[in-house]
$ cat entry31.txt   # compact mmCIF, C-alpha atoms
# COMPACT_ATOMS: atom_id res chain seq x y z
CA MET A 1 2.40 40.30 5.75
CA LEU A 2 3.59 39.79 9.26
CA GLU A 3 1.28 39.52 12.19
CA SER A 4 2.32 39.31 15.78
CA GLY A 5 1.87 36.16 17.77
CA PRO A 6 -0.45 35.70 20.71
CA PHE A 7 0.04 37.67 23.89
CA VAL A 8 1.26 35.73 26.89
CA SER A 9 0.22 36.75 30.32
CA LEU A 10 2.37 35.72 33.20
CA SER A 11 1.95 36.26 36.85
CA ALA A 12 4.53 36.13 39.61
CA ASN A 13 3.61 34.90 43.03
CA ALA A 14 5.85 37.60 44.45
CA GLY A 15 3.10 40.01 43.50
CA SER A 16 4.92 41.89 40.83
CA LYS A 17 3.09 43.51 37.95
CA ARG A 18 1.52 41.46 35.24
CA GLU A 19 3.48 41.50 32.04
CA ALA A 20 2.08 40.84 28.61
CA ILE A 21 4.74 39.53 26.36
CA ARG A 22 4.34 39.41 22.62
CA GLY A 23 5.97 36.24 21.47
CA GLY A 24 6.01 34.19 18.34
CA ILE A 25 8.48 33.13 15.75
CA ASN A 26 8.74 36.70 14.43
CA SER A 27 10.65 37.75 17.51
CA LEU A 28 13.37 35.16 16.96
CA PRO A 29 16.42 35.83 14.82
CA GLU A 30 16.40 34.09 11.47
CA PRO A 31 18.18 30.74 11.62
CA PRO A 32 21.10 30.10 9.28
CA ASP A 33 20.06 28.24 6.17
CA ASN A 34 20.73 24.54 5.75
CA ARG A 35 22.90 24.19 8.79
CA ARG A 36 22.40 21.20 10.99
CA GLU A 37 24.08 21.09 14.34
CA ASP A 38 24.28 18.45 16.95
CA LEU A 39 21.44 18.76 19.34
CA ALA A 40 23.68 18.13 22.29
CA ALA A 41 26.17 20.95 22.12
CA GLY A 42 28.46 18.94 24.31
CA ASN A 43 29.35 16.70 21.39
CA ASP A 44 31.66 19.49 20.24
CA PRO A 45 34.67 19.42 22.58
CA ALA A 46 35.38 23.09 21.93
CA ARG A 47 32.14 23.97 23.66
CA ARG A 48 32.88 22.21 26.89
CA GLN A 49 34.77 25.16 28.31
CA ARG A 50 34.74 26.52 31.78
CA GLY A 51 32.62 29.57 32.34
CA ARG A 52 29.84 28.62 29.95
CA SER A 53 26.40 28.37 31.46
CA ARG A 54 24.82 24.97 31.30
CA VAL A 55 21.28 24.13 30.27
CA LEU A 56 19.94 20.70 31.15
CA MET A 57 16.77 19.60 29.37
CA THR A 58 14.79 16.61 30.53
CA ASN A 59 11.25 17.58 29.54
CA GLU A 60 8.92 15.26 27.73
CA PRO A 61 8.02 14.44 25.07
CA ARG A 62 11.24 13.96 23.19
CA ALA A 63 10.30 16.08 20.21
CA TYR A 64 9.76 19.07 22.52
CA ARG A 65 13.03 18.45 24.33
CA GLU A 66 15.06 18.15 21.18
CA GLY A 67 13.35 20.94 19.28
CA ILE A 68 13.71 23.50 22.04
CA ALA A 69 17.27 22.34 22.77
CA ALA A 70 18.17 22.88 19.13
CA VAL A 71 16.83 26.42 19.21
CA ILE A 72 18.60 27.27 22.46
CA GLY A 73 21.82 25.76 21.18
CA GLN A 74 21.65 27.79 18.01
CA LEU A 75 20.45 31.11 19.38
CA ARG A 76 22.45 31.03 22.61
CA PRO A 77 25.90 29.82 21.55
CA THR A 78 27.25 30.98 24.90
CA VAL A 79 25.50 28.14 26.68
CA GLU A 80 26.08 24.43 26.76
CA VAL A 81 22.93 22.35 26.27
CA GLU A 82 22.48 18.78 27.37
CA THR A 83 19.38 16.67 26.84
CA VAL A 84 18.62 13.56 28.87
CA GLU A 85 15.64 11.35 29.62
CA PRO A 86 13.47 12.52 32.55
CA SER A 87 14.51 9.51 34.62
CA ALA A 88 18.10 10.80 34.55
CA LEU A 89 17.23 14.23 35.95
CA ASP A 90 18.60 13.92 39.48
CA TYR A 91 21.71 12.05 38.40
CA SER A 92 22.37 14.56 35.61
CA ILE A 93 22.07 17.50 38.01
CA LYS A 94 24.87 16.03 40.05
CA ARG A 95 26.95 15.16 37.03
CA PHE A 96 26.37 18.22 34.84
CA SER A 97 25.86 20.96 37.46
CA PRO A 98 23.42 22.87 35.28
CA ASP A 99 22.62 26.53 35.76
CA ILE A 100 19.12 25.98 34.47
CA VAL A 101 16.94 22.92 34.05
CA ILE A 102 13.92 22.60 31.79
CA CYS A 103 11.85 19.62 32.85
CA SER A 104 8.32 18.26 32.94
CA LYS A 105 8.31 17.73 36.68
CA ALA A 106 10.60 19.38 39.21
CA THR A 107 12.10 17.03 41.77
CA GLU A 108 13.27 17.88 45.28
CA VAL A 109 16.88 17.47 44.15
CA LEU A 110 16.25 19.98 41.38
CA LYS A 111 14.59 22.49 43.67
CA GLY A 112 17.38 22.17 46.18
CA LYS A 113 20.33 22.40 43.82
CA VAL A 114 19.44 24.49 40.77
CA ARG A 115 18.67 28.21 40.96
CA VAL A 116 16.72 28.46 37.75
CA TRP A 117 14.31 25.85 36.47
CA VAL A 118 11.24 25.56 34.31
CA GLU A 119 8.48 23.01 34.59
CA LEU A 120 7.34 22.98 30.98
CA TYR A 121 3.79 21.77 30.32
CA PRO A 122 3.61 19.44 33.33
CA GLU A 123 1.12 16.60 32.76
CA ASN A 124 0.96 17.81 29.14
CA GLY A 125 -1.10 20.79 30.30
CA VAL A 126 -0.88 24.40 29.14
CA LEU A 127 0.43 25.98 32.32
CA SER A 128 4.20 26.21 32.88
CA VAL A 129 6.08 27.29 35.97
CA ALA A 130 9.50 28.86 36.27
CA SER A 131 11.61 29.48 39.32
CA ILE A 132 14.28 32.11 38.88
CA GLY A 133 16.48 32.52 41.91
CA GLY A 134 13.57 31.49 44.11
CA ARG A 135 11.06 33.76 42.42
CA ARG A 136 8.20 31.74 41.01
CA MET A 137 6.53 32.70 37.74
CA GLU A 138 3.54 31.05 36.10
CA TYR A 139 2.99 31.12 32.38
CA THR A 140 -0.39 30.36 30.87
CA GLU A 141 1.05 30.18 27.37
CA ILE A 142 4.82 30.10 27.53
CA GLN A 143 6.56 31.11 24.34
CA LEU A 144 9.99 30.29 23.01
CA PRO A 145 11.26 33.85 23.64
CA ASP A 146 10.22 33.41 27.28
CA LEU A 147 12.40 30.32 27.56
CA LEU A 148 15.31 32.13 25.92
CA SER A 149 14.83 35.00 28.33
CA ILE A 150 14.90 32.61 31.28
CA VAL A 151 18.10 31.06 29.93
CA GLY A 152 19.51 34.59 29.78
CA LYS A 153 18.58 35.18 33.40
CA ALA A 154 20.24 31.92 34.39
CA GLU A 155 23.41 33.08 32.64
CA GLU A 156 23.31 36.36 34.56
CA LEU A 157 22.87 34.60 37.87
CA ALA A 158 25.66 32.18 37.05
CA LYS A 159 28.03 35.05 36.20
CA ALA A 160 27.06 36.90 39.35
CA ASN A 161 28.21 33.86 41.31
CA MET B 1 -2.88 33.02 14.68
CA THR B 2 0.34 33.94 12.97
CA VAL B 3 0.53 34.53 9.25
CA ILE B 4 4.01 34.74 7.87
CA ASP B 5 4.74 35.71 4.33
CA ASN B 6 8.28 34.44 3.96
CA THR B 7 7.42 31.74 1.47
CA GLN B 8 10.01 31.06 -1.11
CA GLU B 9 9.35 29.81 -4.57
CA HIS B 10 9.16 26.01 -4.67
CA SER B 11 9.42 25.76 -0.89
CA THR B 12 7.10 23.37 0.85
CA ARG B 13 4.69 25.62 2.65
CA ILE B 14 3.80 24.40 6.10
CA LEU B 15 0.94 25.13 8.45
CA LEU B 16 1.65 24.26 12.07
CA VAL B 17 -1.35 23.59 14.31
CA GLU B 18 -0.18 23.04 17.88
CA ASP B 19 -1.31 24.69 21.10
CA HIS B 20 2.00 24.32 22.95
CA ALA B 21 3.47 27.52 21.61
CA SER B 22 7.08 26.98 22.59
CA PHE B 23 7.14 23.63 20.80
CA ARG B 24 5.30 25.01 17.80
CA GLN B 25 7.81 27.84 17.55
CA ALA B 26 10.74 25.44 17.96
CA LEU B 27 9.28 23.29 15.19
CA ALA B 28 8.89 26.37 13.00
CA PHE B 29 12.52 27.21 13.66
CA MET B 30 13.61 23.69 12.70
CA PHE B 31 11.69 23.87 9.43
CA ALA B 32 12.78 27.41 8.67
CA ARG B 33 16.47 26.54 8.90
CA GLU B 34 15.99 23.98 6.12
CA GLY B 35 15.90 25.91 2.88
CA GLU B 36 13.28 23.66 1.31
CA PHE B 37 10.57 24.58 3.81
CA ALA B 38 8.69 27.75 4.61
CA VAL B 39 6.37 28.02 7.58
CA ALA B 40 3.34 29.68 6.04
CA GLY B 41 1.34 29.89 9.22
CA GLN B 42 0.99 28.89 12.82
CA ALA B 43 -2.18 28.25 14.76
CA GLY B 44 -2.73 27.36 18.39
CA SER B 45 -6.27 26.04 18.06
CA LEU B 46 -8.81 24.61 15.64
CA ALA B 47 -10.50 28.00 15.42
CA GLU B 48 -7.23 29.72 14.50
CA ALA B 49 -6.41 27.05 11.94
CA ARG B 50 -9.83 27.34 10.30
CA ALA B 51 -9.59 31.12 10.27
CA PHE B 52 -6.24 30.83 8.55
CA LEU B 53 -7.65 28.40 5.99
CA ARG B 54 -10.57 30.70 5.25
CA LYS B 55 -8.26 33.68 4.83
CA THR B 56 -5.56 31.98 2.75
CA PRO B 57 -6.99 28.70 1.47
CA ASP B 58 -4.15 27.97 -0.96
CA ALA B 59 -1.27 29.03 1.23
CA PHE B 60 0.22 25.73 2.25
CA ASP B 61 1.18 22.25 1.10
CA VAL B 62 1.51 20.33 4.33
CA ALA B 63 -0.23 20.75 7.66
CA VAL B 64 1.40 19.42 10.81
CA VAL B 65 -1.48 18.97 13.23
CA ASP B 66 -1.58 18.11 16.91
CA LEU B 67 -4.51 15.87 17.79
CA ALA B 68 -5.14 17.39 21.21
CA LEU B 69 -6.13 21.02 20.83
CA PRO B 70 -7.81 23.26 23.40
CA ASP B 71 -11.03 23.57 21.38
CA GLY B 72 -11.36 19.96 20.33
CA ASP B 73 -9.51 17.07 18.79
CA GLY B 74 -8.06 17.50 15.36
CA PHE B 75 -10.02 14.80 13.51
CA GLY B 76 -12.55 17.18 11.96
CA LEU B 77 -9.79 19.52 10.83
CA ILE B 78 -7.88 16.59 9.34
CA GLU B 79 -10.95 15.63 7.31
CA GLU B 80 -11.31 19.18 6.06
CA LEU B 81 -7.66 19.38 5.10
CA SER B 82 -7.77 15.99 3.41
CA SER B 83 -10.60 17.13 1.18
CA ARG B 84 -8.31 19.75 -0.37
CA PRO B 85 -6.38 18.58 -3.40
CA ASP B 86 -2.59 18.56 -3.08
CA MET B 87 -2.69 19.14 0.65
CA MET B 88 -1.23 16.63 3.04
CA THR B 89 -1.55 16.30 6.77
CA LEU B 90 1.01 14.94 9.18
CA VAL B 91 -0.46 14.26 12.59
CA LEU B 92 1.49 14.57 15.80
CA SER B 93 0.19 13.18 19.03
CA ALA B 94 1.35 12.68 22.59
CA SER B 95 -1.30 10.02 23.08
CA LEU B 96 -0.34 6.37 23.25
CA GLU B 97 -3.76 5.13 22.21
CA PRO B 98 -3.43 3.35 18.87
CA ASN B 99 -7.09 4.05 18.17
CA ARG B 100 -6.39 7.78 17.95
CA PHE B 101 -3.74 7.21 15.34
CA ALA B 102 -6.09 4.89 13.50
CA ARG B 103 -8.81 7.53 13.54
CA ALA B 104 -6.39 10.11 12.22
CA VAL B 105 -5.57 7.84 9.28
CA GLU B 106 -9.25 7.21 8.73
CA ALA B 107 -9.83 10.98 8.70
CA GLY B 108 -7.25 11.28 5.94
CA ALA B 109 -3.90 11.93 7.60
CA ALA B 110 -1.00 11.03 5.32
CA GLY B 111 1.17 10.15 8.28
CA VAL B 112 1.12 9.96 12.05
CA LEU B 113 3.98 10.43 14.47
CA HIS B 114 4.16 10.21 18.21
CA LYS B 115 5.79 13.15 19.93
CA SER B 116 8.32 10.80 21.46
CA ALA B 117 9.92 10.67 18.01
CA PRO B 118 13.14 12.61 17.47
CA ILE B 119 12.52 16.12 16.20
CA ASP B 120 14.49 15.34 13.05
CA ASP B 121 11.99 12.56 12.27
CA ILE B 122 9.20 15.13 12.10
CA VAL B 123 11.12 17.26 9.62
CA GLU B 124 12.09 14.19 7.65
CA ALA B 125 8.49 12.96 7.60
CA VAL B 126 7.34 16.16 5.92
CA ARG B 127 10.19 15.89 3.46
CA ARG B 128 9.18 12.34 2.58
CA LEU B 129 5.52 13.24 2.21
CA ARG B 130 6.38 16.00 -0.22
CA SER B 131 8.56 13.71 -2.26
CA GLY B 132 5.61 11.36 -2.65
CA GLU B 133 6.69 8.71 -0.20
CA ALA B 134 4.13 7.01 1.95
CA LEU B 135 4.91 7.19 5.64
CA LEU B 136 2.66 4.25 6.34
CA SER B 137 2.98 0.97 4.53
CA PRO B 138 -0.19 -0.57 3.06
CA ALA B 139 -0.05 -3.18 5.82
CA GLU B 140 0.07 -0.48 8.49
CA VAL B 141 -2.88 1.35 6.92
CA VAL B 142 -4.89 -1.86 6.74
CA GLU B 143 -4.09 -2.59 10.38
CA MET B 144 -5.15 0.90 11.44
CA LEU B 145 -8.39 0.71 9.49
CA ARG B 146 -9.05 -2.68 10.99
CA MET B 147 -8.58 -1.08 14.40
CA VAL B 148 -11.11 1.60 13.51
CA SER B 149 -13.55 -0.95 12.19
CA SER B 150 -13.10 -3.03 15.30
CA ARG B 151 -13.69 0.02 17.47
CA LYS B 152 -16.90 0.82 15.59
CA ARG B 153 -18.11 -2.75 15.92
CA GLN B 154 -17.37 -2.61 19.64
CA GLU B 155 -19.29 0.65 19.97
CA GLU B 156 -22.25 -0.77 18.08
CA TYR B 157 -22.24 -3.83 20.30
CA GLU B 158 -22.18 -1.72 23.45
CA THR B 159 -25.01 0.44 22.12
CA ARG B 160 -27.18 -2.59 21.41
CA ARG B 161 -26.47 -3.94 24.88
CA ALA B 162 -27.38 -0.61 26.47
CA ILE B 163 -30.69 -0.46 24.59
CA GLU B 164 -31.51 -4.06 25.51
CA LYS B 165 -31.16 -3.17 29.18
CA LEU B 166 -33.93 -0.55 29.00
CA THR B 167 -37.28 -1.69 30.37
CA PRO B 168 -40.49 -1.00 28.40
CA ARG B 169 -41.36 1.71 30.91
CA GLU B 170 -37.99 3.36 30.50
CA LYS B 171 -38.49 3.36 26.75
CA GLN B 172 -41.83 5.08 27.29
CA VAL B 173 -40.07 7.75 29.34
CA LEU B 174 -37.58 8.26 26.51
CA THR B 175 -40.38 8.53 23.97
CA ALA B 176 -42.06 11.18 26.10
CA LEU B 177 -38.74 12.98 26.40
CA GLY B 178 -38.52 12.92 22.62
CA GLU B 179 -41.89 14.66 22.50
CA GLY B 180 -40.32 17.58 24.34
CA LEU B 181 -42.04 16.94 27.64
CA ALA B 182 -40.55 18.06 30.92
CA SER B 183 -40.29 15.83 33.96
CA LYS B 184 -43.64 16.83 35.41
CA ASP B 185 -45.41 16.33 32.09
CA ILE B 186 -43.83 12.95 31.55
CA ALA B 187 -44.98 11.85 35.00
CA GLU B 188 -48.50 13.04 34.23
CA LYS B 189 -48.59 11.31 30.87
CA LEU B 190 -47.39 8.01 32.32
CA HIS B 191 -49.57 8.33 35.43
CA VAL B 192 -46.67 8.17 37.82
CA THR B 193 -45.29 10.54 40.38
CA VAL B 194 -42.52 12.99 39.54
CA GLU B 195 -40.22 11.07 41.87
CA THR B 196 -40.91 7.86 39.97
CA GLU B 197 -40.22 9.64 36.67
CA ARG B 198 -36.93 10.90 38.04
CA THR B 199 -36.00 7.42 39.22
CA HIS B 200 -36.67 6.08 35.75
CA MET B 201 -34.52 8.85 34.30
CA VAL B 202 -31.63 8.12 36.66
CA ASN B 203 -31.78 4.47 35.62
CA ILE B 204 -31.89 5.44 31.95
CA LEU B 205 -28.87 7.71 32.29
CA GLY B 206 -26.93 4.94 34.00
CA LYS B 207 -27.81 2.29 31.42
CA LEU B 208 -27.01 4.53 28.46
CA ASP B 209 -23.86 5.85 30.17
CA VAL B 210 -24.86 9.47 29.61
CA HIS B 211 -24.99 12.37 32.02
CA SER B 212 -28.05 14.42 31.18
CA ARG B 213 -31.56 14.25 29.77
CA LEU B 214 -30.28 15.98 26.68
CA GLN B 215 -27.59 13.37 26.14
CA ALA B 216 -30.16 10.63 26.69
CA LEU B 217 -32.39 12.28 24.08
CA VAL B 218 -29.53 12.56 21.61
CA PHE B 219 -28.63 8.91 22.17
CA ALA B 220 -32.25 7.84 21.73
CA ALA B 221 -32.69 9.90 18.57
CA ARG B 222 -29.38 8.73 17.09
CA HIS B 223 -30.23 5.07 17.60
CA GLY B 224 -33.87 5.18 16.57
CA LEU B 225 -35.43 4.85 20.00
CA VAL B 226 -37.40 8.02 19.50
CA GLU B 227 -38.52 9.93 16.51
CA ILE B 228 -38.06 13.68 16.58
CA ARG B 229 -40.75 15.43 14.58

$ encode --input "entry31.txt" --output "structure tokens"
Amino acid sequence: MLESGPFVSLSANAGSKREAIRGGINSLPEPPDNRREDLAAGNDPARRQRGRSRVLMTNEPRAYREGIAAVIGQLRPTVEVETVEPSALDYSIKRFSPDIVICSKATEVLKGKVRVWVELYPENGVLSVASIGGRRMEYTEIQLPDLLSIVGKAEELAKAN
Amino acid sequence: MTVIDNTQEHSTRILLVEDHASFRQALAFMFAREGEFAVAGQAGSLAEARAFLRKTPDAFDVAVVDLALPDGDGFGLIEELSSRPDMMTLVLSASLEPNRFARAVEAGAAGVLHKSAPIDDIVEAVRRLRSGEALLSPAEVVEMLRMVSSRKRQEEYETRRAIEKLTPREKQVLTALGEGLASKDIAEKLHVTVETERTHMVNILGKLDVHSRLQALVFAARHGLVEIR
């Protein structure tokens, strides 16, 4: 028996309509069985190709960072995912030139240089904030499909550039 | 609450209790891609977890439980899960307080991991628990229980000190409170003004480190200062 996951309400400061998004593991494609991939997609040289969008993850704690990175890496093979410690955020932005950053706390460097970013559970709270091309969105209960959707938007913006 | 019926025969059935949904879902994904596991349910709160347990009490083998949930800490849930035969609990926590880990072990957790651990360690921990391995060595368990015992002794000491600070008059005020009397009635019974009664109460709250008359009453009842009939 399958039941849907909890609704997520999100609000945009731009004043757009409220959206209720049904998330949960049911909305994700089934993972391949018994395959283990490197968490940092960049370990595979074939993936470091021009034109691929880049996801930089520096959120804490580590289990969150690695778990979500693994999902993104597996379900979005068109992106390159790199995970670093939070203290390396600003340096990694300059080095990696990410199209999207998922962090615990957005820095001024991040806000000035990256068009799409997500502050995921800052201060270990429940509220998350995303900025997509300057448009701010707040999530009271961000779901994994929301993050994948934001990654998709970052890819679109990157291609448009 | 999410109930998923994709359990496979002989798979380790997992219940995930974690309020950070994106992490919980990522964890479910990590388990699901290993053929030996099946995520039997996900809950974002104690209430959801308990509802799941009521509905499908025999549906899982291992619970992975976050200690910090929106409707309370997970210790009570861990105790409930530990009372079920053949069920094991792995606790995850973002807290750095060793006492919380110790309390989780005391409540019956088979293992505790900090969320700063690699994600693969969490999956591996469940695998080891199912294969009968202990995640904590006997020495680690003893140390954690010693920490709990030490914490309890410290709490008892602080309680005794708080009670010793109360004056005889303040104890009389507490006794009257235990009789169900309101401020005005207490003042009348003790032949003092209402202002004086309130001053006594403020002092009592400060000495007992509580924030309300009700909490003071609970403290007094719990530690034998008043008898509730």

$ residues_around --input "entry31.txt" --residues "Val116 (chain A)" --least-positions-apart "6" --cutoff "6 Å" --atoms "all atoms listed in the file" --output "NGL selection string"
:A and (100 or 131-133 or 154)

$ residues_around --input "entry31.txt" --residues "region 57-72 of chain B" --least-positions-apart "3" --cutoff "6 Å" --atoms "all atoms listed in the file" --output "ChimeraX atom specification"
/B:13-18,45,53-54,87-93

$ interface_residues --input "entry31.txt" --of "chain B" --to "chain A" --cutoff "9 Å" --atoms "all atoms listed in the file" --output "PyMOL selection string"
chain B and resi 1-6+19-30+32-36+42+44+94+114-122

$ build_atoms --input "entry31.txt" --residues "region 68-84 of chain A" --atoms "N, CA and C atoms" --output "PDB file, in the frame of the given file"
ATOM      1  N   ILE A  68      13.368  22.301  21.266  1.00  0.00           N
ATOM      2  CA  ILE A  68      13.710  23.500  22.040  1.00  0.00           C
ATOM      3  C   ILE A  68      15.212  23.547  22.310  1.00  0.00           C
ATOM      4  N   ALA A  69      15.815  22.386  22.565  1.00  0.00           N
ATOM      5  CA  ALA A  69      17.270  22.340  22.770  1.00  0.00           C
ATOM      6  C   ALA A  69      18.000  22.835  21.529  1.00  0.00           C
ATOM      7  N   ALA A  70      17.518  22.450  20.375  1.00  0.00           N
ATOM      8  CA  ALA A  70      18.170  22.880  19.130  1.00  0.00           C
ATOM      9  C   ALA A  70      18.100  24.389  18.990  1.00  0.00           C
ATOM     10  N   VAL A  71      16.965  24.966  19.325  1.00  0.00           N
ATOM     11  CA  VAL A  71      16.830  26.420  19.210  1.00  0.00           C
ATOM     12  C   VAL A  71      17.750  27.119  20.207  1.00  0.00           C
ATOM     13  N   ILE A  72      17.747  26.642  21.443  1.00  0.00           N
ATOM     14  CA  ILE A  72      18.600  27.270  22.460  1.00  0.00           C
ATOM     15  C   ILE A  72      20.064  27.163  22.048  1.00  0.00           C
ATOM     16  N   GLY A  73      20.437  25.984  21.584  1.00  0.00           N
ATOM     17  CA  GLY A  73      21.820  25.760  21.180  1.00  0.00           C
ATOM     18  C   GLY A  73      22.252  26.679  20.054  1.00  0.00           C
ATOM     19  N   GLN A  74      21.313  26.973  19.165  1.00  0.00           N
ATOM     20  CA  GLN A  74      21.650  27.790  18.010  1.00  0.00           C
ATOM     21  C   GLN A  74      21.607  29.282  18.339  1.00  0.00           C
ATOM     22  N   LEU A  75      20.620  29.681  19.121  1.00  0.00           N
ATOM     23  CA  LEU A  75      20.450  31.110  19.380  1.00  0.00           C
ATOM     24  C   LEU A  75      21.193  31.591  20.623  1.00  0.00           C
ATOM     25  N   ARG A  76      21.673  30.663  21.413  1.00  0.00           N
ATOM     26  CA  ARG A  76      22.450  31.030  22.610  1.00  0.00           C
ATOM     27  C   ARG A  76      23.763  30.240  22.575  1.00  0.00           C
ATOM     28  N   PRO A  77      24.659  30.596  21.675  1.00  0.00           N
ATOM     29  CA  PRO A  77      25.900  29.820  21.550  1.00  0.00           C
ATOM     30  C   PRO A  77      26.800  29.946  22.771  1.00  0.00           C
ATOM     31  N   THR A  78      26.431  30.839  23.688  1.00  0.00           N
ATOM     32  CA  THR A  78      27.250  30.980  24.900  1.00  0.00           C
ATOM     33  C   THR A  78      26.894  29.949  25.958  1.00  0.00           C
ATOM     34  N   VAL A  79      25.864  29.151  25.695  1.00  0.00           N
ATOM     35  CA  VAL A  79      25.500  28.140  26.680  1.00  0.00           C
ATOM     36  C   VAL A  79      25.773  26.750  26.138  1.00  0.00           C
ATOM     37  N   GLU A  80      25.891  25.839  27.064  1.00  0.00           N
ATOM     38  CA  GLU A  80      26.080  24.430  26.760  1.00  0.00           C
ATOM     39  C   GLU A  80      24.741  23.748  27.038  1.00  0.00           C
ATOM     40  N   VAL A  81      24.245  22.979  26.102  1.00  0.00           N
ATOM     41  CA  VAL A  81      22.930  22.350  26.270  1.00  0.00           C
ATOM     42  C   VAL A  81      23.094  20.843  26.315  1.00  0.00           C
ATOM     43  N   GLU A  82      22.484  20.235  27.297  1.00  0.00           N
ATOM     44  CA  GLU A  82      22.480  18.780  27.370  1.00  0.00           C
ATOM     45  C   GLU A  82      21.041  18.299  27.498  1.00  0.00           C
ATOM     46  N   THR A  83      20.718  17.259  26.752  1.00  0.00           N
ATOM     47  CA  THR A  83      19.380  16.670  26.840  1.00  0.00           C
ATOM     48  C   THR A  83      19.501  15.238  27.358  1.00  0.00           C
ATOM     49  N   VAL A  84      18.639  14.918  28.332  1.00  0.00           N
ATOM     50  CA  VAL A  84      18.620  13.560  28.870  1.00  0.00           C
ATOM     51  C   VAL A  84      17.179  13.150  29.096  1.00  0.00           C
TER      52      VAL A  84
END
